[in-house]
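Asker: Sharing data29.tsv (TSV, C-alpha atoms) below.
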chain	number	residue	atom	x	y	z
Q	30	MET	CA	57.47	-54.36	6.86
Q	31	PRO	CA	57.56	-50.75	5.53
Q	32	PHE	CA	59.92	-48.46	7.40
Q	33	SER	CA	57.10	-45.94	7.90
Q	34	LEU	CA	55.33	-48.55	10.02
Q	35	PHE	CA	58.21	-48.58	12.50
Q	36	LEU	CA	58.14	-44.78	12.55
Q	37	LEU	CA	54.47	-44.90	13.55
Q	38	ALA	CA	55.36	-47.37	16.32
Q	39	VAL	CA	57.91	-44.89	17.68
Q	40	ALA	CA	55.21	-42.21	17.87
Q	41	VAL	CA	52.81	-44.64	19.58
Q	42	PHE	CA	55.55	-45.43	22.10
Q	43	ALA	CA	56.12	-41.76	22.90
Q	44	MET	CA	52.41	-41.03	23.32
Q	45	GLY	CA	51.65	-44.30	25.09
Q	46	THR	CA	54.28	-43.55	27.72
Q	47	SER	CA	52.05	-40.69	28.90
Q	48	GLU	CA	49.20	-43.12	29.54
Q	49	PHE	CA	51.24	-45.38	31.83
Q	50	MET	CA	53.62	-42.96	33.55
Q	51	LEU	CA	51.12	-41.54	36.04
Q	52	ALA	CA	51.24	-44.66	38.21
Q	53	GLY	CA	54.49	-43.47	39.80
Q	54	LEU	CA	53.69	-39.73	39.83
Q	55	LEU	CA	50.38	-39.40	41.69
Q	56	PRO	CA	51.83	-38.74	45.18
Q	57	ASP	CA	54.07	-35.97	43.78
Q	58	ILE	CA	51.21	-34.37	41.84
Q	59	ALA	CA	48.90	-34.48	44.87
Q	60	ALA	CA	51.50	-32.83	47.10
Q	61	ASP	CA	52.48	-30.16	44.57
Q	62	LEU	CA	48.91	-29.14	43.69
Q	63	ALA	CA	47.62	-29.51	47.27
Q	64	VAL	CA	44.89	-32.04	46.50
Q	65	PRO	CA	44.16	-35.44	48.12
Q	66	ILE	CA	45.81	-38.38	46.39
Q	67	ALA	CA	42.35	-39.78	45.63
Q	68	THR	CA	41.62	-36.59	43.69
Q	69	ALA	CA	44.93	-36.85	41.85
Q	70	GLY	CA	44.00	-40.43	41.01
Q	71	LEU	CA	41.12	-39.11	38.89
Q	72	LEU	CA	43.72	-38.20	36.25
Q	73	VAL	CA	44.01	-41.89	35.34
Q	74	PRO	CA	40.33	-42.64	34.50
Q	75	ALA	CA	40.08	-39.19	32.87
Q	76	PHE	CA	42.72	-40.21	30.35
Q	77	ALA	CA	41.06	-43.59	29.76
Q	78	LEU	CA	37.64	-41.98	29.30
Q	79	GLY	CA	39.14	-39.49	26.87
Q	80	MET	CA	40.56	-42.39	24.86
Q	81	ILE	CA	37.21	-44.22	24.75
Q	82	VAL	CA	35.17	-41.19	23.70
Q	83	GLY	CA	37.94	-39.67	21.62
Q	84	ALA	CA	38.67	-42.64	19.38
Q	85	PRO	CA	35.40	-42.60	17.36
Q	86	LEU	CA	34.92	-38.83	17.79
Q	87	MET	CA	38.38	-37.85	16.54
Q	88	ALA	CA	38.35	-40.48	13.79
Q	89	ALA	CA	35.02	-39.12	12.52
Q	90	LEU	CA	36.37	-35.56	12.66
Q	91	ALA	CA	39.50	-36.50	10.70
Q	92	ARG	CA	37.75	-38.61	8.04
Q	93	PRO	CA	38.06	-36.00	5.25
Q	94	TRP	CA	41.74	-35.32	6.00
Q	95	PRO	CA	44.76	-37.01	4.45
Q	96	ARG	CA	46.13	-39.40	7.06
Q	97	ARG	CA	49.42	-37.56	7.32
Q	98	SER	CA	47.61	-34.31	8.16
Q	99	GLY	CA	45.50	-36.04	10.78
Q	100	LEU	CA	48.48	-37.71	12.43
Q	101	VAL	CA	50.47	-34.45	12.56
Q	102	CYS	CA	47.54	-32.44	13.95
Q	103	PHE	CA	46.93	-34.93	16.75
Q	104	LEU	CA	50.63	-35.06	17.60
Q	105	VAL	CA	50.85	-31.27	17.85
Q	106	LEU	CA	47.71	-31.17	20.03
Q	107	PHE	CA	49.21	-33.85	22.28
Q	108	VAL	CA	52.48	-31.93	22.67
Q	109	GLY	CA	50.62	-28.72	23.47
Q	110	ALA	CA	48.50	-30.41	26.14
Q	111	HIS	CA	51.61	-31.73	27.89
Q	112	ALA	CA	53.37	-28.38	27.71
Q	113	VAL	CA	50.39	-26.67	29.39
Q	114	GLY	CA	50.05	-29.50	31.92
Q	115	ALA	CA	53.71	-29.28	32.89
Q	116	SER	CA	53.46	-25.54	33.60
Q	117	THR	CA	50.12	-25.28	35.41
Q	118	GLY	CA	49.68	-24.81	39.14
Q	119	THR	CA	45.98	-25.70	39.09
Q	120	PHE	CA	44.60	-29.22	39.28
Q	121	GLY	CA	41.57	-28.34	37.14
Q	122	VAL	CA	43.82	-27.22	34.30
Q	123	LEU	CA	45.96	-30.35	34.59
Q	124	PHE	CA	42.81	-32.49	34.57
Q	125	THR	CA	41.63	-30.75	31.39
Q	126	THR	CA	44.99	-31.22	29.68
Q	127	ARG	CA	44.85	-34.96	30.42
Q	128	ILE	CA	41.50	-35.21	28.64
Q	129	VAL	CA	42.80	-33.18	25.69
Q	130	ALA	CA	45.94	-35.35	25.51
Q	131	ALA	CA	43.79	-38.48	25.59
Q	132	LEU	CA	41.59	-37.19	22.76
Q	133	ALA	CA	44.71	-36.44	20.72
Q	134	TYR	CA	46.26	-39.85	21.43
Q	135	ALA	CA	42.98	-41.59	20.62
Q	136	GLY	CA	42.71	-39.80	17.30
Q	137	PHE	CA	46.33	-40.54	16.44
Q	138	LEU	CA	46.08	-44.22	17.36
Q	139	ALA	CA	42.78	-44.68	15.50
Q	140	ILE	CA	44.31	-43.27	12.29
Q	141	ALA	CA	47.60	-45.11	12.84
Q	142	LEU	CA	45.88	-48.50	13.23
Q	143	THR	CA	44.02	-48.02	9.95
Q	144	ALA	CA	47.12	-46.64	8.22
Q	145	ALA	CA	49.23	-49.57	9.43
Q	146	ALA	CA	46.74	-52.06	8.01
Q	147	ASP	CA	46.77	-50.24	4.67
Q	148	LEU	CA	50.57	-50.09	4.43
Q	149	VAL	CA	50.80	-53.87	3.95
Q	150	PRO	CA	48.96	-56.55	1.94
Q	151	ALA	CA	45.67	-57.72	3.47
Q	152	ASP	CA	47.15	-61.03	4.65
Q	153	ARG	CA	49.87	-59.27	6.70
Q	154	ARG	CA	47.69	-56.97	8.80
Q	155	GLY	CA	48.36	-58.95	11.96
Q	156	ARG	CA	52.11	-58.50	11.62
Q	157	ALA	CA	51.69	-54.80	10.88
Q	158	LEU	CA	49.55	-54.27	13.95
Q	159	ALA	CA	52.02	-56.27	16.03
Q	160	VAL	CA	54.68	-53.70	15.12
Q	161	LEU	CA	52.37	-50.82	16.02
Q	162	LEU	CA	51.14	-52.39	19.27
Q	163	GLY	CA	54.78	-53.11	20.04
Q	164	GLY	CA	55.05	-49.35	20.61
Q	165	THR	CA	52.30	-49.62	23.24
Q	166	THR	CA	53.92	-52.53	25.03
Q	167	ALA	CA	57.30	-50.78	24.94
Q	168	ALA	CA	55.58	-47.84	26.62
Q	169	MET	CA	54.35	-50.22	29.32
Q	170	ILE	CA	57.90	-51.46	29.85
Q	171	ALA	CA	59.41	-47.98	30.00
Q	172	GLY	CA	56.53	-45.70	30.98
Q	173	VAL	CA	55.95	-46.63	34.62
Q	174	PRO	CA	59.56	-47.09	35.77
Q	175	ALA	CA	60.88	-44.20	33.67
Q	176	GLY	CA	58.13	-41.88	34.89
Q	177	ALA	CA	58.77	-42.87	38.49
Q	178	LEU	CA	62.54	-42.42	38.06
Q	179	LEU	CA	62.24	-38.99	36.46
Q	180	GLY	CA	59.71	-37.96	39.08
Q	181	THR	CA	62.13	-39.01	41.82
Q	182	LEU	CA	65.22	-37.39	40.30
Q	183	LEU	CA	63.46	-34.21	39.15
Q	184	ASP	CA	59.69	-33.84	39.56
Q	185	TRP	CA	56.44	-34.74	37.82
Q	186	ARG	CA	56.55	-31.61	35.67
Q	187	ALA	CA	59.86	-32.69	34.18
Q	188	THR	CA	58.28	-36.03	33.24
Q	189	PHE	CA	55.48	-34.27	31.36
Q	190	GLY	CA	58.06	-32.09	29.62
Q	191	VAL	CA	60.14	-35.09	28.57
Q	192	VAL	CA	57.07	-36.76	27.02
Q	193	ALA	CA	56.35	-33.59	25.04
Q	194	LEU	CA	59.98	-33.46	23.84
Q	195	LEU	CA	59.83	-37.14	22.82
Q	196	CYS	CA	56.81	-36.43	20.64
Q	197	LEU	CA	58.26	-33.44	18.81
Q	198	PRO	CA	60.62	-35.49	16.59
Q	199	CYS	CA	57.65	-37.77	15.81
Q	200	VAL	CA	55.99	-34.87	13.99
Q	201	PHE	CA	58.90	-34.78	11.53
Q	202	VAL	CA	58.93	-38.59	11.43
Q	203	VAL	CA	55.31	-38.66	10.27
Q	204	LEU	CA	55.89	-35.86	7.76
Q	205	LYS	CA	58.79	-37.80	6.29
Q	206	GLY	CA	57.45	-41.35	6.53
Q	207	ILE	CA	53.77	-41.09	5.58
Q	208	PRO	CA	52.94	-40.10	1.97
Q	209	ALA	CA	51.07	-36.80	1.64
Q	210	THR	CA	48.34	-38.51	-0.38
Q	211	ALA	CA	47.77	-41.39	2.07
Q	212	GLY	CA	44.13	-41.61	3.00
Q	213	LEU	CA	42.90	-39.09	0.45
Q	214	PRO	CA	39.44	-39.91	-0.94
Q	215	GLY	CA	39.52	-41.84	-4.17
Q	216	ALA	CA	37.07	-41.74	-7.02
Q	217	ALA	CA	34.31	-43.11	-4.82
Q	218	GLY	CA	34.83	-40.33	-2.25
Q	219	ILE	CA	34.79	-40.69	1.51
Q	220	PRO	CA	32.71	-43.68	2.69
Q	221	ASP	CA	29.34	-42.70	4.14
Q	222	LEU	CA	29.64	-42.26	7.93
Q	223	ARG	CA	26.24	-43.80	8.58
Q	224	ARG	CA	27.28	-46.91	6.67
Q	225	GLU	CA	30.52	-47.12	8.62
Q	226	LEU	CA	28.69	-46.72	11.94
Q	227	GLY	CA	26.22	-49.33	10.72
Q	228	ALA	CA	29.03	-51.87	10.81
Q	229	LEU	CA	28.68	-51.76	14.60
Q	230	ARG	CA	25.36	-53.58	14.26
Q	231	ARG	CA	27.09	-56.64	12.85
Q	232	PRO	CA	27.16	-59.50	15.41
Q	233	ARG	CA	30.63	-60.59	14.31
Q	234	LEU	CA	32.18	-57.20	14.97
Q	235	ILE	CA	30.34	-56.73	18.26
Q	236	ALA	CA	31.56	-60.17	19.37
Q	237	VAL	CA	35.22	-59.47	18.67
Q	238	LEU	CA	34.99	-56.00	20.26
Q	239	LEU	CA	33.46	-57.48	23.41
Q	240	LEU	CA	36.02	-60.24	23.67
Q	241	GLY	CA	38.88	-57.80	23.12
Q	242	ALA	CA	37.53	-55.48	25.83
Q	243	LEU	CA	37.15	-58.37	28.32
Q	244	VAL	CA	40.68	-59.67	27.76
Q	245	ASN	CA	42.16	-56.18	27.99
Q	246	ALA	CA	40.17	-55.52	31.18
Q	247	ALA	CA	41.72	-58.64	32.69
Q	248	THR	CA	45.19	-57.51	31.61
Q	249	PHE	CA	44.99	-54.02	33.11
Q	250	GLY	CA	42.99	-55.10	36.14
Q	251	THR	CA	45.97	-57.01	37.50
Q	252	PHE	CA	48.69	-54.82	35.94
Q	253	THR	CA	47.35	-51.77	37.78
Q	254	PHE	CA	47.60	-53.51	41.15
Q	255	LEU	CA	50.79	-55.51	40.76
Q	256	ALA	CA	52.57	-53.28	43.30
Q	257	PRO	CA	50.46	-54.37	46.33
Q	258	ILE	CA	50.77	-57.98	45.21
Q	259	VAL	CA	54.56	-57.67	45.15
Q	260	THR	CA	54.85	-56.08	48.59
Q	261	GLY	CA	51.73	-57.32	50.36
Q	262	VAL	CA	51.42	-60.91	49.10
Q	263	ALA	CA	54.89	-61.98	47.95
Q	264	LEU	CA	56.41	-59.82	50.75
Q	265	LEU	CA	59.13	-58.49	48.48
Q	266	GLY	CA	60.73	-55.07	48.96
Q	267	PRO	CA	59.60	-51.96	47.05
Q	268	LEU	CA	62.58	-52.24	44.68
Q	269	TRP	CA	61.00	-55.40	43.25
Q	270	ILE	CA	57.94	-53.48	42.02
Q	271	PRO	CA	59.62	-52.05	38.88
Q	272	VAL	CA	61.21	-55.46	38.25
Q	273	VAL	CA	57.81	-57.16	38.15
Q	274	LEU	CA	56.29	-54.36	36.07
Q	275	VAL	CA	59.12	-54.58	33.55
Q	276	LEU	CA	58.78	-58.39	33.39
Q	277	PHE	CA	55.09	-58.00	32.61
Q	278	GLY	CA	55.91	-55.40	29.95
Q	279	LEU	CA	58.62	-57.58	28.39
Q	280	GLY	CA	56.20	-60.48	28.27
Q	281	SER	CA	53.62	-58.22	26.61
Q	282	PHE	CA	56.12	-57.22	23.94
Q	283	ALA	CA	57.09	-60.85	23.34
Q	284	GLY	CA	53.46	-61.95	23.16
Q	285	VAL	CA	52.24	-59.31	20.72
Q	286	THR	CA	55.31	-59.88	18.52
Q	287	ALA	CA	54.98	-63.67	18.45
Q	288	ALA	CA	51.26	-63.54	17.76
Q	289	GLY	CA	51.61	-61.06	14.89
Q	290	ARG	CA	52.18	-63.61	12.14
Q	291	ALA	CA	49.85	-66.20	13.68
Q	292	SER	CA	46.97	-63.73	13.90
Q	293	ASP	CA	46.98	-63.46	10.09
Q	294	ARG	CA	47.24	-67.19	9.33
Q	295	ARG	CA	45.78	-69.06	12.30
Q	296	PRO	CA	43.89	-66.61	14.53
Q	297	GLY	CA	41.51	-69.29	15.77
Q	298	LEU	CA	44.44	-71.39	16.94
Q	299	VAL	CA	45.94	-68.45	18.88
Q	300	LEU	CA	42.62	-67.89	20.63
Q	301	ALA	CA	41.79	-71.57	21.19
Q	302	VAL	CA	45.19	-72.30	22.76
Q	303	GLY	CA	46.06	-68.93	24.26
Q	304	GLY	CA	42.66	-68.26	25.87
Q	305	PRO	CA	42.59	-71.33	28.16
Q	306	LEU	CA	46.30	-70.89	28.96
Q	307	LEU	CA	45.63	-67.27	29.92
Q	308	LEU	CA	42.80	-68.31	32.26
Q	309	THR	CA	44.96	-71.04	33.79
Q	310	GLY	CA	47.77	-68.56	34.38
Q	311	TRP	CA	45.52	-66.13	36.27
Q	312	ILE	CA	44.23	-68.96	38.46
Q	313	VAL	CA	47.75	-70.20	39.21
Q	314	LEU	CA	48.88	-66.64	39.99
Q	315	GLY	CA	45.94	-66.21	42.36
Q	316	LEU	CA	46.98	-69.37	44.22
Q	317	ALA	CA	50.77	-68.93	44.10
Q	318	ALA	CA	51.27	-65.14	44.31
Q	319	ALA	CA	52.95	-65.52	47.72
Q	320	GLU	CA	55.82	-67.40	46.07
Q	321	PRO	CA	58.29	-64.83	44.65
Q	322	ALA	CA	59.61	-67.19	41.95
Q	323	ALA	CA	56.09	-67.96	40.74
Q	324	LEU	CA	55.18	-64.28	40.74
Q	325	LEU	CA	58.20	-63.38	38.61
Q	326	VAL	CA	57.64	-66.18	36.07
Q	327	LEU	CA	53.89	-65.61	35.82
Q	328	SER	CA	54.30	-61.85	35.45
Q	329	PHE	CA	56.20	-62.48	32.24
Q	330	SER	CA	54.01	-65.32	30.94
Q	331	GLN	CA	50.71	-63.55	31.69
Q	332	GLY	CA	51.95	-60.43	29.97
Q	333	ALA	CA	52.84	-62.53	26.92
Q	334	LEU	CA	49.56	-64.46	26.82
Q	335	SER	CA	47.44	-61.37	27.51
Q	336	PHE	CA	48.86	-59.43	24.59
Q	337	ALA	CA	49.03	-62.43	22.27
Q	338	VAL	CA	45.30	-63.09	22.76
Q	339	GLY	CA	44.32	-59.43	23.06
Q	340	GLY	CA	46.43	-58.37	20.06
Q	341	THR	CA	44.87	-61.12	17.94
Q	342	LEU	CA	41.39	-59.92	18.88
Q	343	ILE	CA	42.26	-56.31	18.03
Q	344	THR	CA	43.55	-57.48	14.65
Q	345	GLY	CA	40.20	-59.23	14.30
Q	346	VAL	CA	38.38	-55.94	14.84
Q	347	LEU	CA	40.10	-54.48	11.75
Q	348	TYR	CA	39.27	-57.56	9.70
Q	349	GLU	CA	35.64	-57.52	10.82
Q	350	ALA	CA	35.31	-53.75	10.33
Q	351	ALA	CA	36.50	-53.85	6.71
Q	352	GLU	CA	33.27	-52.08	5.70
Q	353	ALA	CA	34.31	-49.11	7.87
Q	354	PRO	CA	37.73	-48.19	6.41
Q	355	THR	CA	38.03	-44.77	8.08
Q	356	MET	CA	36.48	-45.78	11.44
Q	357	ALA	CA	37.86	-49.30	11.98
Q	358	GLY	CA	40.90	-48.10	13.90
Q	359	SER	CA	38.68	-46.11	16.27
Q	360	TYR	CA	36.60	-49.20	17.07
Q	361	ALA	CA	39.77	-51.11	17.92
Q	362	THR	CA	41.09	-48.23	20.04
Q	363	ALA	CA	37.78	-47.93	21.90
Q	364	ALA	CA	37.73	-51.68	22.66
Q	365	LEU	CA	41.27	-51.51	24.03
Q	366	ASN	CA	40.43	-48.61	26.31
Q	367	VAL	CA	37.06	-49.80	27.52
Q	368	GLY	CA	39.00	-52.73	28.92
Q	369	ALA	CA	41.83	-50.54	30.21
Q	370	ALA	CA	39.33	-48.34	32.09
Q	371	GLY	CA	36.88	-50.98	33.28
Q	372	GLY	CA	39.35	-53.64	34.40
Q	373	PRO	CA	41.05	-51.56	37.12
Q	374	VAL	CA	37.65	-50.40	38.43
Q	375	LEU	CA	36.49	-54.01	38.85
Q	376	ALA	CA	39.86	-55.00	40.29
Q	377	ALA	CA	39.79	-52.13	42.79
Q	378	ALA	CA	36.38	-53.26	44.04
Q	379	THR	CA	37.88	-56.62	45.08
Q	380	LEU	CA	40.56	-55.06	47.30
Q	381	GLY	CA	38.06	-54.40	50.09
Q	382	THR	CA	36.82	-57.98	50.12
Q	383	GLY	CA	38.24	-61.08	51.76
Q	384	LEU	CA	40.36	-61.62	48.64
Q	385	ALA	CA	42.46	-58.57	49.62
Q	386	GLN	CA	45.52	-57.97	47.40
Q	387	ARG	CA	44.87	-61.15	45.41
Q	388	GLY	CA	41.45	-59.85	44.42
Q	389	PRO	CA	42.55	-58.20	41.15
Q	390	VAL	CA	44.06	-61.50	39.96
Q	391	TRP	CA	40.80	-63.35	40.60
Q	392	ALA	CA	38.91	-60.54	38.87
Q	393	SER	CA	41.17	-61.05	35.85
Q	394	ALA	CA	40.47	-64.78	35.93
Q	395	LEU	CA	36.73	-64.07	36.03
Q	396	LEU	CA	36.94	-61.70	33.06
Q	397	VAL	CA	38.87	-64.19	30.91
Q	398	ALA	CA	36.50	-67.00	31.95
Q	399	GLY	CA	33.61	-64.80	30.82
Q	400	ALA	CA	35.33	-64.18	27.48
Q	401	LEU	CA	35.88	-67.93	26.95
Q	402	PHE	CA	32.27	-68.65	27.90
Q	403	LEU	CA	31.00	-66.09	25.39
Q	404	ALA	CA	33.33	-67.44	22.71
Q	405	LEU	CA	31.88	-70.97	22.88
Q	406	PRO	CA	28.48	-70.24	21.30
Q	407	LEU	CA	30.15	-67.82	18.89
Q	408	ARG	CA	32.33	-70.64	17.58
Q	409	ARG	CA	29.21	-72.64	16.84
Q	410	GLY	CA	26.76	-69.94	15.81
Q	411	LEU	CA	29.14	-67.96	13.60
Q	412	ARG	CA	31.18	-70.84	12.18
Q	413	ARG	CA	30.11	-70.16	8.60
Q	414	GLU	CA	30.36	-66.40	8.83
Q	415	LEU	CA	33.62	-65.48	10.53
Q	416	PRO	CA	36.41	-64.92	8.03
Q	417	PHE	CA	38.70	-63.72	10.78
Q	418	GLY	CA	37.68	-66.33	12.96
Q	419	LEU	CA	36.75	-67.57	16.21
Q	420	ALA	CA	35.65	-70.60	14.25
Q	421	GLN	CA	37.97	-70.59	11.28
Q	422	ASP	CA	40.65	-72.78	12.77
Q	423	GLY	CA	38.41	-74.63	15.17
Can the structure in the file be given as structure tokens, please?
Answerer:
Amino acid sequence: MPFSLFLLAVAVFAMGTSEFMLAGLLPDIAADLAVPIATAGLLVPAFALGMIVGAPLMAALARPWPRRSGLVCFLVLFVGAHAVGASTGTFGVLFTTRIVAALAYAGFLAIALTAAADLVPADRRGRALAVLLGGTTAAMIAGVPAGALLGTLLDWRATFGVVALLCLPCVFVVLKGIPATAGLPGAAGIPDLRRELGALRRPRLIAVLLLGALVNAATFGTFTFLAPIVTGVALLGPLWIPVVLVLFGLGSFAGVTAAGRASDRRPGLVLAVGGPLLLTGWIVLGLAAAEPAALLVLSFSQGALSFAVGGTLITGVLYEAAEAPTMAGSYATAALNVGAAGGPVLAAATLGTGLAQRGPVWASALLVAGALFLALPLRRGLRRELPFGLAQDG
């Protein structure tokens, strides 16, 4: 793997930490800015919405730019948004900076996903994306507990400042590691935007995007509400919450890493085996969440399976969107974040039902079951067409 790929992963880690860190900071922010905690909670969907809208929008804006220029511009914008957010005393300003930061992160990730795929031969894209997505999963491992720890020792503003400082060296990393000419239009010029957007009409691409969004929704639906499961179902103390979150994050890192090579060679096998195992795991967790040992083991295994299956599907988006070379990364980013935004909303709706704290787990099981159900006719109907393949290895 090219060294520049690992440098991109470091930048994704620094920026991704900002997405996950708010889970432990909302009470502090609400108290400091004198708003209800429910109002402070709007910062989370605001970031996710910014990622969804920002991925295609920022990728389209940056199409004529060399990739290095685009990556640096989005990093600088991200740092600036966090610097303003850390110094404001107004919730409205903080809310706006979260949207701006999300737009910047979306643009960076969209370009980085495409750049990562182009840094390696075509048959190694899965491994390249595993390295890049490893930065995201590392942010999951570190983002929530580190944000909560910094917020406790200092305050939420210090956490925002630390994220900005982490990103500053990444600007120099990108300048050094990405060639100045990377992504410059060749003899054929920049691909027509209408043709690239037209790729979204292809059933194969729509199918993989939908499946990726469903699996990611299941992942973040339960991840977001692991804390009440730990304390309210397993009856463990609050100190166990970061332990379970870190176990889930470590599993995610292991899963996306292990699936990297397989998603290039045998993607259908990863999905055919990993999908049913993922569904089974959510069902078992829903039944056995009251058992601390089961909760700890399944937190790791579900993190691994979720990112193995989800990472393989995101790799599939880039394969299927080959006709959209400057926009493919934005489609993958949007699919990831549609799931990350929608899953917690569905999971939250189950908390007020008879399922109580176990509701998010059953919502995750339902989402994965829906993905598997949709995949069945796709395996038959698209068997001759899918090079990436839901059917290739089946």
Asker: If we draw a sphere of 12 Å around (53.9, -62.5, 17.1), which residues have at least one atom in it when counting all atoms listed in the file? Please report them as a ChimeraX atom specification.
Answerer: /Q:153-163,280-296,299,333-334,336-341,344
Asker: Find the residues near Q:Arg224: any atom within 12 Å, counting all atoms listed in the file, skip ones fewer than 6 places away on the same chain, and give them as number ranges by chain.
Answerer: Q: 230-231, 350-356
Asker: Measuring atom to atom with only C-alpha atoms, identify which of Q:Gly261, Q:Gly250, Q:Gly109, Q:Pro31 is nearest to Q:Ala369.
Answerer: Q:Gly250
Asker: Counting only C-alpha atoms, which residue out of Q:Leu62, Q:Leu71, Q:Met50, Q:Val108 sits closest to Q:Cys199?
Answerer: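 Checking each of Q:Leu62, Q:Leu71, Q:Met50, Q:Val108 against Q:Cys199, counting only C-alpha atoms, the winner is Q:Val108.
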Asker: Counting only C-alpha atoms, what is within 12 Å of stretch 114-124 of chain Q, bar same-chain residues fewer than 6 positions away, as a tab-separated table (two decimals) with C-alpha atoms, in the frame of the given file?
Answerer:
chain	number	residue	atom	x	y	z
Q	47	SER	CA	52.05	-40.69	28.90
Q	55	LEU	CA	50.38	-39.40	41.69
Q	58	ILE	CA	51.21	-34.37	41.84
Q	59	ALA	CA	48.90	-34.48	44.87
Q	60	ALA	CA	51.50	-32.83	47.10
Q	61	ASP	CA	52.48	-30.16	44.57
Q	62	LEU	CA	48.91	-29.14	43.69
Q	63	ALA	CA	47.62	-29.51	47.27
Q	64	VAL	CA	44.89	-32.04	46.50
Q	65	PRO	CA	44.16	-35.44	48.12
Q	66	ILE	CA	45.81	-38.38	46.39
Q	68	THR	CA	41.62	-36.59	43.69
Q	69	ALA	CA	44.93	-36.85	41.85
Q	70	GLY	CA	44.00	-40.43	41.01
Q	71	LEU	CA	41.12	-39.11	38.89
Q	72	LEU	CA	43.72	-38.20	36.25
Q	73	VAL	CA	44.01	-41.89	35.34
Q	74	PRO	CA	40.33	-42.64	34.50
Q	75	ALA	CA	40.08	-39.19	32.87
Q	76	PHE	CA	42.72	-40.21	30.35
Q	79	GLY	CA	39.14	-39.49	26.87
Q	107	PHE	CA	49.21	-33.85	22.28
Q	108	VAL	CA	52.48	-31.93	22.67
Q	130	ALA	CA	45.94	-35.35	25.51
Q	131	ALA	CA	43.79	-38.48	25.59
Q	184	ASP	CA	59.69	-33.84	39.56
Q	185	TRP	CA	56.44	-34.74	37.82
Q	186	ARG	CA	56.55	-31.61	35.67
Q	187	ALA	CA	59.86	-32.69	34.18
Q	188	THR	CA	58.28	-36.03	33.24
Q	189	PHE	CA	55.48	-34.27	31.36
Q	190	GLY	CA	58.06	-32.09	29.62
Q	191	VAL	CA	60.14	-35.09	28.57
Q	192	VAL	CA	57.07	-36.76	27.02
Q	193	ALA	CA	56.35	-33.59	25.04
Q	194	LEU	CA	59.98	-33.46	23.84
Asker: Record the distance separating atom CA of Q:Pro389 and atom CA of Q:Pro85, expressed in Å with one decimal.
Answerer: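 Separating atom CA of Q:Pro389 from atom CA of Q:Pro85 is a distance of 29.3 Å.
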Asker: Nearest to Q:Ala404 among Q:Leu306, Q:Ala144, Q:Leu300, Q:Ala89, with distances taken over all atoms listed in the file: which residue is it?
Answerer: Q:Leu300
Asker: If we count only C-alpha atoms, what is near Q:Ala378 at a cut-off of 10 Å, once residues fewer than 5 positions away on the same chain are taken out, given as a PyMOL selection string?
Answerer: chain Q and resi 373+385+388-389+392
Asker: Residues within 7 Å of Q:Arg233, please, as a ChimeraX atom specification. Count only C-alpha atoms; anything in the same chain fewer than 2 positions from it doesn't count.
Answerer: /Q:231,235-237,349,415
Asker: Atom CA of Q:Arg223 and atom CA of Q:Leu106 are how many Å apart?
Answerer: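 Between atom CA of Q:Arg223 and atom CA of Q:Leu106 the gap is 27.4 Å.
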Asker: Measure the distance from atom CA of Q:Thr166 to atom CA of Q:Leu405 in Å and round it to one decimal.
Answerer: 28.8 Å
Asker: With distances taken over only C-alpha atoms, which of Q:Ala242, Q:Leu307, Q:Ala43, Q:Val259 is nearest to Q:Ile81?
Answerer: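 Distance minimum relative to Q:Ile81 lands on Q:Ala242.
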Asker: Would you mind telling me which residue in Q:Val262, Q:Ala112, Q:Ala145, Q:Leu316 lies nearest to Q:Leu34 when using all atoms listed in the file?
Answerer: Q:Ala145
Asker: Name all residues at most 12 Å from Q:Ala247 (count all atoms listed in the file; drop same-chain ones fewer than 5 positions away) and give them as a PyMOL selection string.
Answerer: chain Q and resi 240-242+252-254+304+307-308+310-311+331-332+334-336+338-339+365-376+388-400
Asker: Could you give me, as a list of chain:residue names, the residues that sit within 7 Å of (56.9, -39.5, 38.5) in the file's coordinates, counting only C-alpha atoms?
Answerer: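 Selection result: Q:Met50, Q:Leu51, Q:Gly53, Q:Leu54, Q:Asp57, Q:Gly176, Q:Ala177, Q:Leu178, Q:Leu179, Q:Gly180, Q:Thr181, Q:Asp184, Q:Trp185, Q:Thr188.
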Asker: Could you rebuild stretch 288-292 of chain Q with N, CA, C and O atoms and give me the result as a short mmCIF file (atom, residue, chain, number, x, y, z; two decimals), in the coordinates of the input?
Answerer:
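The resulting result03.cif:
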data_model
loop_
_atom_site.label_atom_id
_atom_site.label_comp_id
_atom_site.auth_asym_id
_atom_site.auth_seq_id
_atom_site.Cartn_x
_atom_site.Cartn_y
_atom_site.Cartn_z
N ALA Q 288 52.60 -63.29 18.28
CA ALA Q 288 51.26 -63.54 17.76
C ALA Q 288 50.98 -62.80 16.46
O ALA Q 288 49.96 -63.06 15.81
N GLY Q 289 51.87 -61.86 16.08
CA GLY Q 289 51.61 -61.06 14.89
C GLY Q 289 51.39 -61.88 13.64
O GLY Q 289 50.38 -61.73 12.94
N ARG Q 290 52.32 -62.79 13.34
CA ARG Q 290 52.18 -63.61 12.14
C ARG Q 290 51.02 -64.60 12.28
O ARG Q 290 50.24 -64.80 11.35
N ALA Q 291 50.89 -65.19 13.47
CA ALA Q 291 49.85 -66.20 13.68
C ALA Q 291 48.45 -65.60 13.56
O ALA Q 291 47.51 -66.28 13.14
N SER Q 292 48.30 -64.33 13.94
CA SER Q 292 46.97 -63.73 13.90
C SER Q 292 46.48 -63.51 12.47
O SER Q 292 45.29 -63.30 12.24
#
